[in-house]
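J.: Got a structure for you, written out below as structure tokens; questions coming shortly.
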Amino acid sequence: MSVLSRLQKLLLQPRAEWRRIDEDPSTAGRVVLTSLLPLAAIPALCSFVGLSLVGVGAGGALVRLPVAAGLLQALAMYLVAVLGIVLVAVVVKLVAPTFGARPEWPRAFKLAVYGSSAALLGGVFLAVPALSLMALVAALYSVYLVFTGLPAVMRTSQHKVVPFTAVIVLAGAVVGLLASAATSHFLARGLGDAAVVLQTPGGKLRLDAAGLEAASQKMADAAQRLEAASEKQSQAAAPVVGTGPVLGGDPDAGAVPAPALKAALPETLGAFTRTAVEMQGGKVTGMATSNARAEYSNGEQRLRVEMIDLGSMSKLMAEAGAVVQGERENSASAERTWQEGGRTLHENYRKDGSMAQYTTTLRNGVVVELTGSRMNLDEVKAASSLLDLKTLESLRRQPAS
């Protein structure tokens, strides 16, 4: 059974899958090699995509971390994730006798690795910074996985499951804080003079940083392992308005061609007129991605529409999105994530009407994000309804050249 197949069953039917995990004769080392290493690559790779390829909106500008700095950050995240979960497994093994559980290394590693799997899979949402809330919600689901896994894997009695879960969660939080501090220290020493790329309405400001070939190769290897773990699935082909049919190829290999995404950005969107358009596509560290972005204006209102396909990671995003939802609100802003019609929807807006963002993750994993300036949420949603999302949802991926 592949790690992603096991993970899917664990998320949807945790108690039944934990019993199968308990019956699996895998050693601690095998659990690390076959499950932890590929799973830990998900948040690292997706963080690199989100920070260095997609970018983060800030004050009307799009901020991107240079590729070299992004790779270093991703490598640091990968290493601390692996070491952190190993440390949690050590804690589980050491405290197991206190809760009447079996202090065996294979059991401790199974609980730590598979209990953390929801949090690791949720890292796929870091590829689109606007969806970062969903990564947090996915991490919270890992608490439930640990709770359901303790009786099956560690043989913990029911009246001791809650305190044992609390100890593991506390250990995970402490390890997380230490890992965050270690990552920050590592980056502070390693980034040197690396600069940030700013893409503003007036143009692009870029200061190149030195390449990190070793880090790039390691992340490329991690990407290949992740792609090798992905299962194949069939997907019907359909034409794109304004382009030739997007046919053939493996639906999990490559990415939707950038010209097909660009063709889905109309010249007008209701009362808004397109003022700029751009597209990008290709391979970075072995991952095929594509995106197209357009800027629209209507008087003082500004609207940015971005369509992103993360290639082999899109399937992970679609699957993870099917099990997470959440919301948060304060006096100035509100944010909500939910599922509807097989799609994952996310809204984020300021209550004074100065900014609103509406993101749709389609069933095929393509992400459509609209960000409005001097617009309220209803206006941004109205603009989103004018896009041909049904056609976008039927597009097929092509290998990157």
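Each chain in the structure tokens gets a letter, A, B and so on, in the order shown; residues start at 1 in every chain, and ligands are counted from 1 in the order they appear.
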Based on the backbone DSSP call, show me all residues of region 292-373 of chain A assigned alpha helix (DSSP H), as an MDAnalysis selection string.
T.: chainID A and resid 314:321
J.: Taking only region 345-401 of chain A into account, list the residues labelled strand (DSSP E or B) by DSSP (computed from the backbone), as a PDB file with N, CA, C and O atoms, in the first residue's frame.
T.:
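New file out-v2.pdb:
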ATOM      1  N   LEU A 345     -13.483  26.213  -0.718  1.00  0.00           N
ATOM      2  CA  LEU A 345     -13.644  27.666  -0.828  1.00  0.00           C
ATOM      3  C   LEU A 345     -13.021  28.355   0.381  1.00  0.00           C
ATOM      4  O   LEU A 345     -13.076  27.850   1.508  1.00  0.00           O
ATOM      5  N   HIS A 346     -12.435  29.514   0.129  1.00  0.00           N
ATOM      6  CA  HIS A 346     -11.785  30.268   1.197  1.00  0.00           C
ATOM      7  C   HIS A 346     -12.048  31.754   0.982  1.00  0.00           C
ATOM      8  O   HIS A 346     -11.868  32.269  -0.127  1.00  0.00           O
ATOM      9  N   GLU A 347     -12.500  32.418   2.024  1.00  0.00           N
ATOM     10  CA  GLU A 347     -12.722  33.867   1.946  1.00  0.00           C
ATOM     11  C   GLU A 347     -11.985  34.559   3.078  1.00  0.00           C
ATOM     12  O   GLU A 347     -11.889  34.043   4.187  1.00  0.00           O
ATOM     13  N   ASN A 348     -11.454  35.735   2.781  1.00  0.00           N
ATOM     14  CA  ASN A 348     -10.677  36.515   3.734  1.00  0.00           C
ATOM     15  C   ASN A 348     -10.929  37.980   3.411  1.00  0.00           C
ATOM     16  O   ASN A 348     -10.672  38.419   2.283  1.00  0.00           O
ATOM     17  N   TYR A 349     -11.450  38.737   4.349  1.00  0.00           N
ATOM     18  CA  TYR A 349     -11.810  40.118   4.028  1.00  0.00           C
ATOM     19  C   TYR A 349     -11.695  41.024   5.251  1.00  0.00           C
ATOM     20  O   TYR A 349     -11.745  40.565   6.396  1.00  0.00           O
ATOM     21  N   ARG A 350     -11.523  42.311   4.963  1.00  0.00           N
ATOM     22  CA  ARG A 350     -11.529  43.330   6.006  1.00  0.00           C
ATOM     23  C   ARG A 350     -12.930  43.924   6.092  1.00  0.00           C
ATOM     24  O   ARG A 350     -13.551  44.209   5.064  1.00  0.00           O
ATOM     25  N   MET A 355     -10.447  45.573   1.521  1.00  0.00           N
ATOM     26  CA  MET A 355      -9.810  44.435   0.854  1.00  0.00           C
ATOM     27  C   MET A 355     -10.649  43.186   1.053  1.00  0.00           C
ATOM     28  O   MET A 355     -11.256  42.985   2.103  1.00  0.00           O
ATOM     29  N   ALA A 356     -10.689  42.363   0.016  1.00  0.00           N
ATOM     30  CA  ALA A 356     -11.376  41.085   0.109  1.00  0.00           C
ATOM     31  C   ALA A 356     -10.685  40.097  -0.812  1.00  0.00           C
ATOM     32  O   ALA A 356     -10.200  40.463  -1.888  1.00  0.00           O
ATOM     33  N   GLN A 357     -10.650  38.847  -0.374  1.00  0.00           N
ATOM     34  CA  GLN A 357      -9.999  37.793  -1.162  1.00  0.00           C
ATOM     35  C   GLN A 357     -10.899  36.564  -1.159  1.00  0.00           C
ATOM     36  O   GLN A 357     -11.429  36.164  -0.119  1.00  0.00           O
ATOM     37  N   TYR A 358     -11.055  35.976  -2.343  1.00  0.00           N
ATOM     38  CA  TYR A 358     -11.922  34.804  -2.484  1.00  0.00           C
ATOM     39  C   TYR A 358     -11.165  33.772  -3.316  1.00  0.00           C
ATOM     40  O   TYR A 358     -10.760  34.042  -4.446  1.00  0.00           O
ATOM     41  N   THR A 359     -10.959  32.586  -2.741  1.00  0.00           N
ATOM     42  CA  THR A 359     -10.143  31.552  -3.378  1.00  0.00           C
ATOM     43  C   THR A 359     -10.950  30.281  -3.544  1.00  0.00           C
ATOM     44  O   THR A 359     -11.624  29.840  -2.609  1.00  0.00           O
ATOM     45  N   THR A 360     -10.877  29.697  -4.733  1.00  0.00           N
ATOM     46  CA  THR A 360     -11.563  28.443  -5.031  1.00  0.00           C
ATOM     47  C   THR A 360     -10.538  27.403  -5.459  1.00  0.00           C
ATOM     48  O   THR A 360      -9.791  27.626  -6.416  1.00  0.00           O
ATOM     49  N   THR A 361     -10.481  26.284  -4.753  1.00  0.00           N
ATOM     50  CA  THR A 361      -9.665  25.146  -5.186  1.00  0.00           C
ATOM     51  C   THR A 361     -10.594  24.177  -5.901  1.00  0.00           C
ATOM     52  O   THR A 361     -11.467  23.569  -5.277  1.00  0.00           O
ATOM     53  N   VAL A 367      -6.143  26.234  -8.589  1.00  0.00           N
ATOM     54  CA  VAL A 367      -6.555  27.247  -7.614  1.00  0.00           C
ATOM     55  C   VAL A 367      -6.842  28.563  -8.334  1.00  0.00           C
ATOM     56  O   VAL A 367      -6.033  29.029  -9.139  1.00  0.00           O
ATOM     57  N   VAL A 368      -7.987  29.146  -8.049  1.00  0.00           N
ATOM     58  CA  VAL A 368      -8.377  30.436  -8.628  1.00  0.00           C
ATOM     59  C   VAL A 368      -8.527  31.419  -7.476  1.00  0.00           C
ATOM     60  O   VAL A 368      -9.382  31.248  -6.608  1.00  0.00           O
ATOM     61  N   GLU A 369      -7.699  32.451  -7.474  1.00  0.00           N
ATOM     62  CA  GLU A 369      -7.676  33.405  -6.369  1.00  0.00           C
ATOM     63  C   GLU A 369      -7.955  34.810  -6.882  1.00  0.00           C
ATOM     64  O   GLU A 369      -7.307  35.285  -7.804  1.00  0.00           O
ATOM     65  N   LEU A 370      -8.947  35.477  -6.287  1.00  0.00           N
ATOM     66  CA  LEU A 370      -9.281  36.855  -6.628  1.00  0.00           C
ATOM     67  C   LEU A 370      -9.032  37.731  -5.408  1.00  0.00           C
ATOM     68  O   LEU A 370      -9.525  37.430  -4.311  1.00  0.00           O
ATOM     69  N   THR A 371      -8.287  38.810  -5.587  1.00  0.00           N
ATOM     70  CA  THR A 371      -7.997  39.743  -4.510  1.00  0.00           C
ATOM     71  C   THR A 371      -8.424  41.136  -4.948  1.00  0.00           C
ATOM     72  O   THR A 371      -7.939  41.652  -5.957  1.00  0.00           O
ATOM     73  N   GLY A 372      -9.347  41.728  -4.211  1.00  0.00           N
ATOM     74  CA  GLY A 372      -9.868  43.046  -4.562  1.00  0.00           C
ATOM     75  C   GLY A 372      -9.412  44.119  -3.596  1.00  0.00           C
ATOM     76  O   GLY A 372      -9.410  43.904  -2.378  1.00  0.00           O
ATOM     77  N   SER A 373      -9.029  45.268  -4.127  1.00  0.00           N
ATOM     78  CA  SER A 373      -8.658  46.429  -3.328  1.00  0.00           C
ATOM     79  C   SER A 373      -9.771  47.462  -3.421  1.00  0.00           C
ATOM     80  O   SER A 373     -10.269  47.750  -4.519  1.00  0.00           O
ATOM     81  N   GLN A 398      -0.241  18.596 -18.773  1.00  0.00           N
ATOM     82  CA  GLN A 398       0.718  18.199 -19.793  1.00  0.00           C
ATOM     83  C   GLN A 398       2.121  18.249 -19.202  1.00  0.00           C
ATOM     84  O   GLN A 398       2.420  19.114 -18.381  1.00  0.00           O
TER      85      GLN A 398
END
J.: I'd like the neighbourhood of Leu39 (chain A) as a PyMOL selection string, where a residue qualifies if any of its atoms comes within 9 Å (using only C-alpha atoms), though same-chain residues fewer than 6 positions away should be ignored.
T.: chain A and resi 3-4+113+117+120-121+226
J.: Taking a cut-off of 8 Å and counting only C-alpha atoms, can you build a table that, for each residue of region 83-139 of chain A near region 165-176 of chain A, reports the nearest atom pair and how far apart they are in Å (one decimal), sorted by chain then residue number, as a tab-separated table?
T.:
residue	atom	partner	partner_atom	distance
A:Gly84	CA	A:Val175	CA	5.8
A:Ile85	CA	A:Gly172	CA	7.8
A:Leu87	CA	A:Val175	CA	7.5
A:Val88	CA	A:Gly172	CA	6.2
A:Val91	CA	A:Ala171	CA	7.3
A:Val92	CA	A:Ile168	CA	6.8
J.: Could the residues in this selection be saved with all heavy atoms as an mmCIF file, in the first residue's frame?
T.:
data_model
loop_
_atom_site.group_PDB
_atom_site.id
_atom_site.type_symbol
_atom_site.label_atom_id
_atom_site.label_comp_id
_atom_site.auth_asym_id
_atom_site.auth_seq_id
_atom_site.Cartn_x
_atom_site.Cartn_y
_atom_site.Cartn_z
ATOM 1 N N GLY A 84 11.944 16.528 14.213
ATOM 2 C CA GLY A 84 10.927 16.812 15.213
ATOM 3 C C GLY A 84 10.015 15.623 15.467
ATOM 4 O O GLY A 84 9.707 15.286 16.627
ATOM 5 N N ILE A 85 9.585 14.957 14.411
ATOM 6 C CA ILE A 85 8.691 13.812 14.573
ATOM 7 C C ILE A 85 9.438 12.632 15.182
ATOM 8 O O ILE A 85 8.872 11.861 15.971
ATOM 9 C CB ILE A 85 8.054 13.453 13.220
ATOM 10 C CG1 ILE A 85 7.092 14.579 12.803
ATOM 11 C CG2 ILE A 85 7.303 12.123 13.295
ATOM 12 C CD1 ILE A 85 6.482 14.414 11.443
ATOM 13 N N LEU A 87 11.765 12.950 17.395
ATOM 14 C CA LEU A 87 11.813 13.284 18.824
ATOM 15 C C LEU A 87 10.481 12.989 19.507
ATOM 16 O O LEU A 87 10.450 12.522 20.651
ATOM 17 C CB LEU A 87 12.182 14.755 19.004
ATOM 18 C CG LEU A 87 13.641 15.125 18.715
ATOM 19 C CD1 LEU A 87 13.850 16.626 18.832
ATOM 20 C CD2 LEU A 87 14.582 14.393 19.680
ATOM 21 N N VAL A 88 9.371 13.263 18.816
ATOM 22 C CA VAL A 88 8.058 12.945 19.388
ATOM 23 C C VAL A 88 7.931 11.437 19.601
ATOM 24 O O VAL A 88 7.409 10.979 20.630
ATOM 25 C CB VAL A 88 6.932 13.464 18.465
ATOM 26 C CG1 VAL A 88 5.572 12.935 18.939
ATOM 27 C CG2 VAL A 88 6.915 14.989 18.452
ATOM 28 N N VAL A 91 9.699 10.490 22.724
ATOM 29 C CA VAL A 91 8.899 10.838 23.902
ATOM 30 C C VAL A 91 7.799 9.813 24.120
ATOM 31 O O VAL A 91 7.535 9.375 25.253
ATOM 32 C CB VAL A 91 8.307 12.252 23.744
ATOM 33 C CG1 VAL A 91 7.299 12.541 24.858
ATOM 34 C CG2 VAL A 91 9.413 13.298 23.746
ATOM 35 N N VAL A 92 7.118 9.425 23.042
ATOM 36 C CA VAL A 92 6.037 8.438 23.149
ATOM 37 C C VAL A 92 6.554 7.136 23.757
ATOM 38 O O VAL A 92 5.931 6.553 24.650
ATOM 39 C CB VAL A 92 5.417 8.170 21.758
ATOM 40 C CG1 VAL A 92 4.456 6.984 21.824
ATOM 41 C CG2 VAL A 92 4.688 9.403 21.249
#
J.: List the neighbours of Val305 (chain A) out to 12 Å using only C-alpha atoms; skip same-chain residues closer than 6 positions along the sequence, and give me the result as a ChimeraX atom specification.
T.: /A:261-262,264-269,272-279,291-297,357-360,367-373,380-381,383-384,386-387
